[in-house]
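Student: Submitted below is the structure of interest, expressed as structure tokens.
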Amino acid sequence: MNHSLEVKNLHVSIDGQAILKGFNLTVPKGEVHALMGPNGTGKSTLAKVMAGHEDYIVESGEVLLDGVNILGQEPDEISHAGLFLAFQYPMEIPGVSIANFIRAAKQARLPEGEEINAIEYYKELYAKMDALKMDRKFTARSLNEGFSGGEKKRCEILQMAMLDPKYCVMDETDSGLDIDALRIVSEGVNLMRSEDRAFLVITHYQRLLDYIVPDVVHVMFDGRIVHSGDKELAKELESKGYDWVKEAFATASA
Ligand code: ADP
Ligand code: MG
């Protein structure tokens with residue numbers, strides 16, 4: 001079996017406008033890949049298409065989890081298949097507590113007739129909250145309602161830790177985080193790094209990659225990856241900016 005998250009020749013449009021234009025990427029289990037690029041280049045579109053967002057039209061291509069195409073599946077099927085997406089702008093769900101939300105998501109993954117053990121569940125929840133330095137009073141609060149940017153992101157990482165996904169895609173998890181929250185969120189991710197899991201960390205800035213050190217860095221421009229390298233590439237982008245990529249890409253495709 002192919003133990004990776006693979007995107008093959010993905011073409012996606014919205015309102016008749018092409019956004020992803022032959023996007024290719026393979027993230028094998030055990031690795032952390034960073035996807036960087038200027039705003040408007042299609043990074044969030046890629047994340048949303050992977051999660052089964054219905055607004056986007058997939059013209060062609062595949063997204064394979066361990067060799068199985070997930071395009072066309074419902075968001076909950078994709079999640080059950082082992083893909084977790086942490087979004088740039090997490091949704092607020094008034095009236096649903098964090099504890100109940102995560103419990104329902106875990107319950108949905110169990111075979112028919114099997115119940116979550118409440119004692120075990122809270123034991124795990126509190127242990128993971130402690131690791132993320134989250135106050136226990138959070139469990140009773142409605143999901144993301146009135147949360148600060150940092151609290152929302154920490155809450156996403158808690159959900160990710162509790163659901164134990166095989167593949168994690170994080171879209172600009174660093175946006176809106178102060179340095180302390182950034183460190184805590186990164187520590188949470190680093191604790192989850194393992195041979196059985198892969199991460200795709202989408203970020204506009206290099207800063208996050210000081211804490212979550214990637215195995216591979218990809219640069220995206222105009223709907224596809226135009227350059228890949230090691231972690232030094234992120235530092236190069238930081239110092240040279242994205243104009244360098246745009247120029248290199250214009251030369252290459254001229
Ligand atoms: P990034 O995350 O790299 O900043 P996005 O994927 O958010 O880029 O956006 C890529 C392009 O697709 C942009 O030009 C954006 O305006 C367009 N786009 C994204 N989502 C929509 C949408 N729901 N409707 C119309 N255009 C969209
Ligand atoms: Mg984005």
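How things are named: the first chain in the structure tokens is A, the next is B, and so on; residues count from 1 in each chain; ligands count from 1 in the order shown.
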Which chains and residue numbers are within 12 Å of ligand 2, counting only C-alpha atoms and all ligand atoms, if I want them as a PDB file with C-alpha atoms, in the first residue's frame?

Tutor:
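So part_26.pdb came out as:
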ATOM      1  CA  LEU A  35       3.324  24.781   1.435  1.00  0.00           C
ATOM      2  CA  MET A  36       4.153  28.458   1.032  1.00  0.00           C
ATOM      3  CA  GLY A  37       3.169  31.097  -1.486  1.00  0.00           C
ATOM      4  CA  PRO A  38       1.770  34.563  -2.049  1.00  0.00           C
ATOM      5  CA  ASN A  39      -1.831  35.389  -1.161  1.00  0.00           C
ATOM      6  CA  GLY A  40      -4.421  34.418  -3.751  1.00  0.00           C
ATOM      7  CA  THR A  41      -2.332  31.608  -5.192  1.00  0.00           C
ATOM      8  CA  GLY A  42      -4.780  28.830  -4.259  1.00  0.00           C
ATOM      9  CA  LYS A  43      -3.471  27.455  -0.947  1.00  0.00           C
ATOM     10  CA  SER A  44      -6.784  27.637   0.921  1.00  0.00           C
ATOM     11  CA  THR A  45      -8.622  26.385  -2.167  1.00  0.00           C
ATOM     12  CA  LEU A  46      -6.469  23.244  -2.078  1.00  0.00           C
ATOM     13  CA  ALA A  47      -7.263  22.709   1.625  1.00  0.00           C
ATOM     14  CA  LYS A  48     -10.992  23.213   1.118  1.00  0.00           C
ATOM     15  CA  ALA A  86      -7.381  22.903  10.534  1.00  0.00           C
ATOM     16  CA  PHE A  87      -8.825  25.956   8.863  1.00  0.00           C
ATOM     17  CA  GLN A  88      -7.577  29.497   8.472  1.00  0.00           C
ATOM     18  CA  TYR A  89     -10.883  30.771   9.865  1.00  0.00           C
ATOM     19  CA  MET A 170      -3.184  23.044   8.541  1.00  0.00           C
ATOM     20  CA  ASP A 171      -4.161  26.196   6.679  1.00  0.00           C
ATOM     21  CA  GLU A 172      -2.373  29.269   8.054  1.00  0.00           C
ATOM     22  CA  THR A 173      -2.638  28.048  11.617  1.00  0.00           C
ATOM     23  CA  ASP A 174      -0.151  30.769  12.505  1.00  0.00           C
ATOM     24  CA  SER A 175      -2.340  33.683  11.403  1.00  0.00           C
ATOM     25  CA  VAL A 201       1.509  22.939   6.899  1.00  0.00           C
ATOM     26  CA  ILE A 202       0.254  25.823   4.772  1.00  0.00           C
ATOM     27  CA  THR A 203       1.727  29.168   5.674  1.00  0.00           C
ATOM     28  CA  HIS A 204       2.452  32.537   4.147  1.00  0.00           C
ATOM     29  CA  TYR A 205       5.227  33.331   6.625  1.00  0.00           C
ATOM     30  CA  MET A 220       3.122  27.553  -4.803  1.00  0.00           C
TER      31      MET A 220
END

Student: Need to verify the contact set: range 155-163 of chain A, 9 Å, only C-alpha atoms, exclusion of same-chain residues closer than 5 positions in sequence. Can you return it as a ChimeraX atom specification?

Tutor: /A:82,84-87,90,98,101-102,105-106,124-125,128-129,132,134,138,143-144,150,168,173,185,188-189,192

Student: Please list as number ranges by chain every residue within 8 Å of range 22-32 of chain A, counting only C-alpha atoms and excluding residues in the same chain fewer than 4 positions away.

Tutor: A: 3-11, 61, 166-167, 193-201, 213-216, 223-225

Student: Under the rule that only C-alpha atoms and all ligand atoms are counted, which of A:Arg136, A:Phe221, A:Val226, A:Arg183 is the nearest residue to ligand 1?

Tutor: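 The answer is A:Phe221, which sits nearest to ligand 1.
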
Student: In terms of the shortest atom-to-atom distance over only C-alpha atoms and all ligand atoms, which of A:Glu77, A:Glu112, A:Asp222, A:Glu232 is closest to ligand 1?

Tutor: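 Checking each candidate against ligand 1, we get A:Asp222 as the closest.
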
Student: Return the single residue from A:Leu191, A:Val219, A:Leu237, A:Leu110 that is closest to ligand 1, with distances computed using only C-alpha atoms and all ligand atoms.

Tutor: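 Closest candidate: A:Val219.
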
Student: Could you write out, as a count of residues only, all the residues of range 21-227 of chain A that DSSP marks as alpha helix (DSSP H)?

Tutor: 67

Student: Which residues are near Lys231 in chain A? Cut-off 6 Å, only C-alpha atoms, ignore same chain within fewer than 2 positions. Put them as an mmCIF file with all heavy atoms, in the first residue's frame.

Tutor:
data_model
loop_
_atom_site.group_PDB
_atom_site.id
_atom_site.type_symbol
_atom_site.label_atom_id
_atom_site.label_comp_id
_atom_site.auth_asym_id
_atom_site.auth_seq_id
_atom_site.Cartn_x
_atom_site.Cartn_y
_atom_site.Cartn_z
ATOM 1 N N PRO A 214 10.016 21.759 8.886
ATOM 2 C CA PRO A 214 9.521 20.857 7.838
ATOM 3 C C PRO A 214 10.643 20.023 7.201
ATOM 4 O O PRO A 214 11.803 20.437 7.185
ATOM 5 C CB PRO A 214 8.945 21.827 6.806
ATOM 6 C CG PRO A 214 9.743 23.076 6.966
ATOM 7 C CD PRO A 214 10.191 23.146 8.397
ATOM 8 N N VAL A 217 9.940 21.893 1.801
ATOM 9 C CA VAL A 217 9.198 23.142 1.617
ATOM 10 C C VAL A 217 8.836 23.270 0.131
ATOM 11 O O VAL A 217 9.697 23.087 -0.738
ATOM 12 C CB VAL A 217 10.045 24.367 2.044
ATOM 13 C CG1 VAL A 217 9.324 25.675 1.711
ATOM 14 C CG2 VAL A 217 10.363 24.301 3.528
ATOM 15 N N LEU A 233 14.846 26.746 2.161
ATOM 16 C CA LEU A 233 14.068 27.467 1.145
ATOM 17 C C LEU A 233 13.104 28.462 1.789
ATOM 18 O O LEU A 233 12.899 29.568 1.277
ATOM 19 C CB LEU A 233 13.303 26.460 0.264
ATOM 20 C CG LEU A 233 12.366 27.026 -0.802
ATOM 21 C CD1 LEU A 233 13.092 27.924 -1.787
ATOM 22 C CD2 LEU A 233 11.679 25.882 -1.555
ATOM 23 N N ALA A 234 12.539 28.077 2.937
ATOM 24 C CA ALA A 234 11.620 28.972 3.640
ATOM 25 C C ALA A 234 12.344 30.233 4.091
ATOM 26 O O ALA A 234 11.813 31.344 3.997
ATOM 27 C CB ALA A 234 11.004 28.254 4.830
#

Student: Which one is closest to Pro165 in chain A: A:Lys152, A:Arg103, A:Lys123, A:His80? Count only C-alpha atoms.

Tutor: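 Using only C-alpha atoms, the shortest distance to Pro165 in chain A belongs to A:His80.
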